[in-house]
Every structure is written in C-alpha cells, then in structure tokens.
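All remarks here apply to the structure that follows.
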Amino acid sequence: MIIPAVFFLSLSSISFEVLLTRIFAISQWNHLSFIVISLALFGFALSGTFLSIIDTKDKEWINKFSRKGPSLTIISLYSSTAILSLIVVNIVPLDYFRLPLEPVQSVFLLIDYLILSMPFFFAGLIISIAYSLNPAKTAHIYFTSMAGSALGAIIPALLIPILGENRLVVFVSIIPIILIPASFLKRYLHNADSPFLKLKPIVLQSIMIILLFFLAFFCPEGIMPMQVKPSPYKQLSRMLLFPDTHIIETSNTIKGRIDSVKSPYIRFAPGLSLKFKGILPEQKALFRDADHQFVLYDILPHKNTAFASFTLPYCGYLLNENPENVLLIQDGGGSAIPCAIESNAKKITIIEQNHTIATTLKQHYNLKVINQNPRAFLAQSGKRFNIIHVENWGSSLTGSSALNQEYHFTENAFKEYLTHLEKDGIIIISRKILLPPSDSIRLWASAYEALRDIGAEKPYKHMAILRNWDVFTLIVFANPLENSNPVKNFASTLNFDIVYLPEMEQKEANTFNVFNRPYHYLEINRLKQYYNNGNEKDLFRKYPLDITPQSDNRPFPGRVFKWTRLGELYKSTGSRLWSLLLSGEIVVSVTFMEAFIVAVFLLLVPLSIIPKKGLRPTLFQIIYFLSVGFGFIFVEMFFIKEFTLLFGDPVISFTIVLAGILIFSALGGYTSSQCNRANLKLIFILLLILLATLSLSQGFITQQILKAPFILRLALALVILAPTGFLMGFPFPLGMRYMLNSTVQRAYAWSANGCASVLTSIISAQIAISLGINIILVFATLAYLFAFLSSMKD
C-alpha cells in the first residue's frame, strides 16, 4: 500500500506545484509566485520534523500511520486540502504591495502559507513514513518517488490546454484517491445497518472528493469557486474596469493564459508624436497571463497605418526607405507591425514565441509568422535583413520583471542582430524611459560592446537615441552614421528629443519634452567618454544602478538594483518602504530570510527533543543531507535557467529539466540498490568531475545546441541531463540506507533535505542575477563536495 501511495502522491504533488506556479503567474506576478510556493514546500520538511518528534515520544505512531486505514485517511486529507487551498487563496484578499501599510495583510499572508503547506505536508508524511520504515527498500522508494514526480511534471503541459488550471488542479489532486479500493468501500457499505448514516470518515471524504471532481468538470466556468483572478495591478484587470470592455476568448497552455479583449477604449501607440492629428485604427488586445499586452490593429484592407509614421521607431524606417526584408521580433506590444507595413517593406517576417499569439497574428495580418524562439531562429538562419525591429515593453509594473530572463537585449543578442543585417541594415529597439537613467544606458553599452566585438572601429558612431516623455528608441546602424541630419529633421518635425547622436551638443537635447536636466544625454555621453578612455568598468561600478551590459549568462534586463547602494535607492524613493517591495531582489531577500528562520526552527526543534544517545543524527549526517538537498536543487535550477535560452520559455525549460532530471535520478536511485557504501566515494568523484566540467563548458555547449532544430535540441538537452541526473540519484538513497540507523534519523534526514531544497530554490535566483547562471553550478559543486567530505567523516 505504502509504495503505490508514494508514487501517486509524488505525481500529484509535483503537478500541483507546477500548477500553483502557473496560477500565481496569473493571479500575482512572476517574481512573486515563488514566495508562497517555496514556503508551501516546507510542508515536506514539516512532515519529517513531525515524524521525528512523534517517533521520539511514541515509536508506535509511525507504524500506526503506515497501516491501510490511516494511510488512506492521509491521502484523502491531501486531496481535500489541495482543492481547499486553491479556493481559499482566491478568497483571501492578499496584496503583497500593501504589506508595509496594512498589518492585516500579514494575517492574510500567514493564512496563505498555512493552507498551501497542508497538501505538501500530507504528501510528505506518506513519503517520509516510507523512507523511515523501509531502509532496505530505500532505492525502490526513491525510484518510485522520482518516477512519479517526473510524470507529474509532464501532466500540466499536456492537460492545461484541455482542462485549464483550475479544473486540472482538481483532477491532479484526486489522482491518489484511486488507491482507495472498491472492496474497501463495499465492505463498509455492506456491513453497516444504515449505510448512509454509519459510513466511515474515509468513505465520506472519498465521496466528497468525487462530488467535487464532477462539480469541477461540469460546473460553469464563471461560477467555479476556484476561479483564477488576476492581480488588480495587472493590465488586464485595469482594462476590464472600462465600460463595454469584455474578454471574448481565453486559451490556456503551459506557456501561459491568453485573453482576447475587445474594447472601444484600447489606445496603444507608444512613442506617438503629439503632432499626429488623425484617428487611430480600431484595436483589440491579447493579454498573456493578464499582462504583457499585444495589440492587433484593424488596418486591413485600407492599410490605415499612417499613425505609425508619427512614432519614434519609424525614424529607423525613414533611414532605410522601402526596405526589402524586415524582421520583427515580437514579445508584446504590436506597434512594430504597422511600422513595417507603413514602410512599404516588400517582405515582412514576424517571430512570435507563443503559439496562440502567432496563430492569431497570421490570421489577422496575413503576414509570414514564425512560431519560434527568436534566438534559435537567428542561430539557425543565414538570412540577412534591412531592418530588425525588436519590440518588448517589459512588465506593466516597474521592478516586477527583475527576475525575468529575457534574451532580446544581451550583448550576445546584439551580435546576432548585427550579423544578420545587410550592409546598410538597421536595428530598432524601443523601451519605456526610466529615471534615473538605466535601461537606455545599458542598451547603448550592450550595442557598443557588440559592435566592438564584431570589429567596428568607432562603435559610438553607429548609434542614435530619440525620446518623447515616456518612450525612447535606440537605433543601431551596421555602418557608421555619417549624416545625422535626417535624424535631426525627423525629431524636430515631430517634437521628439534627441538623446544621443555621434556628434551633438548639449543644447540640442531636452528641447521639447523637458526634464530638469538632460539626464539621459549626460549619462550616455559620460559613458562614451569612459569607453574612449578604456575605463568603462569604473563607471559601471560607481553608477548607483546596475547598468553593466548583460550577457546570456546574466540575462535580466529588468534588474537595475544594487545592494551596495540600497540606502541611496531608499532615499531616492522618498523613503517609502513599499516602493522597494516592487523590486524582485528585495522580494527574494525577504523571502529567503523568512524561509531561513522557518528552516532553522524545523531543524532545531527535533534536535532539542530527540535523545542524544543513539537516536539523534550526528553533525556530519545533518551536513550530508543538507548538502545533498542543496546540490540537487542547485543543479536543477542551473539547468532550468540555462535551458531557458534553448527553449525560449522558462516554463518549457522547467518542465523538460524537471522531468528529465527526476526520471534519470530515479534510474540512478534504482541502480543504487546494487551498490554499497564503498561505491559512494567513486560516485561523488564522478559527479564532482562532471559538474566542474559543465560549469566551465555548458555556456558554449548551449550556444552550439541553439543552432539545432527543436527536436534535436530537446534530445541533446536530455543527453546532457542524463549523466548528471543519474549520478545525483545515488547519494540520497545510499545515505538513507548506510549512514542512518533509526527511523527518527531517517525522518530528520527527509526534513533536512526538504529545508535545503526550499532555501536553494530561493537563493538560486539571487545568485543568477548577481553573479551569473553558471555560478549556480559552482555552488552545486561545492555542496556535493561538502556532502562527499561529510560522508567520509561519518
């Protein structure tokens, strides 16, 4: 009974975790979604702590829990609390951004933590009992748990398009209920004098869950109690406040929820000059995860695109009139398409990663649309373009995208764009303008270094920047800009401000949309002087915000925060604490501190209760299982972030990496049954050599795999994951079997492993954005080194 329970609970809980990630991406923000989920995963660790304590008090309790009746009760409680948690989370009015202002929000946060931890607690309880009572079957249990988890990681990707997030939560939550055999129900029903009055609690729980299952699948979508509601701060929520505004269609995939909205109040034309006196075409909008607006213009059949010639990005099209071949890289927005159409481009190619949006674009505009990762397309394509127009406006809430990996604006990306330009080619990028200047400086620096790397003698002569009051446009030229008059004429005609030209005076800046000072002009020209002197790194170090050009190893364009300048940043926001909470890094640090306190509590409480003699785990045993937990999740997080470039989407990368590592680790765990403790030394040596090699070479390998078609990329990714996952499957089951000698020690080891896993999943984000993705693998290597050394001491 206990082994099948481990499989189905592992499957269900991992699916539930993936679905929670998707649900919080819609209902909150991507950089907030991991907060509750990470702390909820402490439910696994709490189950180990709970068993450690009760085993100390009464050794029969674990045996009682492992029996058929109590086990089925725990399974039913898991399913019940999983469904209940989604309902409660949608009802509780938690608002992260009001935490510093309203004490009641702390209560709401605590409720979310507690309710989301309960299903993981009950799932972890069964798994921990299995490990604690069956040391001889550790390898089998490990294989069963990992195999179930691997399957659970895949299920959401397959079924979200069919069921949606909320219905799928119900479905995966009740999967373990199939373990309640029909004979069990039948026996109690037949033996009772009045069956409907004397049913056992387990039967009542099962009937309740079955009823919920049918309710979820047949209840109208709009009145379901577990309906996912977007954050009120997201663009979709704000748009729906307007009258006569409706969602006309919704589609769900693992990549995100797409809502199509029709409204007479959609007016999207970023960078539009106030000189435009015409009427904008009618528009409808697509929202990905209730944000990241993509606007579709009704411009056919009359080609009503005149407004586009009054926008900032159109300057690039005027400098390359009637282009032969235009490439549009779309990630939200939508205004680049009318610009390309207005330019009379002979051939327009649109790259859009989301399948639903790509299909809609093709039907709406009747243009060539390629549904592919843009970086993979460029790596595989030998075509050259007259204009490459990249459109990505970022999150609607400043600072909320600090943790988002985006590969459109790295130095590597600029090199790809430049090598795919014709001799007179142009790159166009428009973004929101920020004060103090940050994004504009970083983009200028990234383009500068890419131009320098491909052999441009004077990179600063290849760029121009214009702005209005809230948008700037960077134009990068394949050849030096010899005549800047067309740019100046365009800007003066439409009342745009020039931020940067190779040769310009300060009086030419800040003339129409006036700031107190020409901040962007001053800072970019200061950076230009530092580059000319060869000491640009000094400015990157001294500047109050992070403006260092980013690489594919550190692709976080929304990240501008510097910990060393925290005091200055706090004062610059008017000493308002809530504004700092908009930064993803602040959220990571606060979450880590909370998680660290909880972890210390879960690890120290059992040690204060467990008797020292023979039962309490030794220091080296604790270090071993903590290190194994740290190492495993560090490797997992590294590959999830590294493979985001390969597959163009963090959710796809998450699914592939999680399923791959878990299934290969399951095979490693199963093979460990043939090993003894002496083999552990060789396994650690091989694993350390492999991780050290990958930390030095994986970046290069990823760039090479990017050139392959998707199926081959997937196959090669799994080939890379196979030896790493296989070797990581040995340390935990071998440690459980040979290093521990009591049920309380094994329960504690499960708790330590769980605490380490949660802490690692949080701190990995900070390591990636501060030091680079490859450094996560360095930490993984160190963690397994500590595990190796502690195994030799114990």
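Each chain of the structure tokens is named A, B, ... in the order shown, its residues numbered from 1; ligands are numbered from 1 in display order.
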Env of Ile454 of chain A: 9 Å cut, atoms = only C-alpha atoms, seq-sep filter 6 positions within chain, self excluded. Answer as a CSV table (one decimal) with all heavy atoms, in the first residue's frame.
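Output file around-v3.csv is given in full below:
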chain,number,residue,atom,x,y,z
A,415,LYS,N,25.0,40.9,-31.1
A,415,LYS,CA,25.9,40.3,-32.1
A,415,LYS,C,25.1,39.5,-33.1
A,415,LYS,O,25.4,39.6,-34.3
A,415,LYS,CB,26.9,39.4,-31.4
A,415,LYS,CG,27.9,40.1,-30.6
A,415,LYS,CD,28.9,39.1,-29.9
A,415,LYS,CE,29.9,39.7,-29.0
A,415,LYS,NZ,30.7,38.7,-28.3
A,418,LEU,N,23.4,42.1,-35.4
A,418,LEU,CA,24.3,42.7,-36.3
A,418,LEU,C,24.8,41.8,-37.4
A,418,LEU,O,25.0,42.2,-38.6
A,418,LEU,CB,25.5,43.2,-35.5
A,418,LEU,CG,25.2,44.4,-34.6
A,418,LEU,CD1,26.3,44.7,-33.6
A,418,LEU,CD2,25.0,45.7,-35.4
A,419,THR,N,25.0,40.5,-37.1
A,419,THR,CA,25.5,39.6,-38.1
A,419,THR,C,24.4,39.2,-39.1
A,419,THR,O,24.7,38.6,-40.1
A,419,THR,CB,26.1,38.4,-37.5
A,419,THR,OG1,25.1,37.8,-36.6
A,419,THR,CG2,27.4,38.7,-36.7
What's the 7 Å shell around segment 756-764 of chain A, counting only C-alpha atoms, without same-chain residues fewer than 3 positions away, as an MDAnalysis selection string?
chainID A and resid 38 41:42 588 592 595:596 626 629:630 633:634 637 752:753 767:768 776
So that I can check the surroundings of segment 717-734 of chain A, please list as an MDAnalysis selection string every protein, DNA and RNA residue that reaches within 7 Å of it, counting only C-alpha atoms and ignoring chain neighbours fewer than 4 positions away.
chainID A and resid 138:139 142 628 632 660:662 664:669 672 677 683 687 713 738
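The spacing separating atom CA of Phe385 of chain A from atom CA of Gly425 of chain A amounts to 6.7 Å.
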Alpha helix (DSSP H) positions in segment 418-647 of chain A, given as a ChimeraX atom specification
/A:418-419,439-453,485-493,519-533,536-542,566-572,577-580,584-609,619-647
Atomic separation - atom CA of Val651 of chain A relative to atom CA of Phe268 of chain A, Å:
28.3 Å
Go through A:Tyr500, A:Tyr519, A:Trp444, A:Phe108 one by one, measure the shortest atom-to-atom distance of each to Ala464 of chain A using only C-alpha atoms, and give the residue with the smallest value.
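Comparing A:Tyr500, A:Tyr519, A:Trp444, A:Phe108 against Ala464 of chain A, the winner is A:Tyr500.
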So which residues of segment 386-569 of chain A fall under strand (DSSP E or B) by DSSP, listed as an MDAnalysis selection string?
chainID A and resid 386:391 421:432 463:467 471:477 497:500
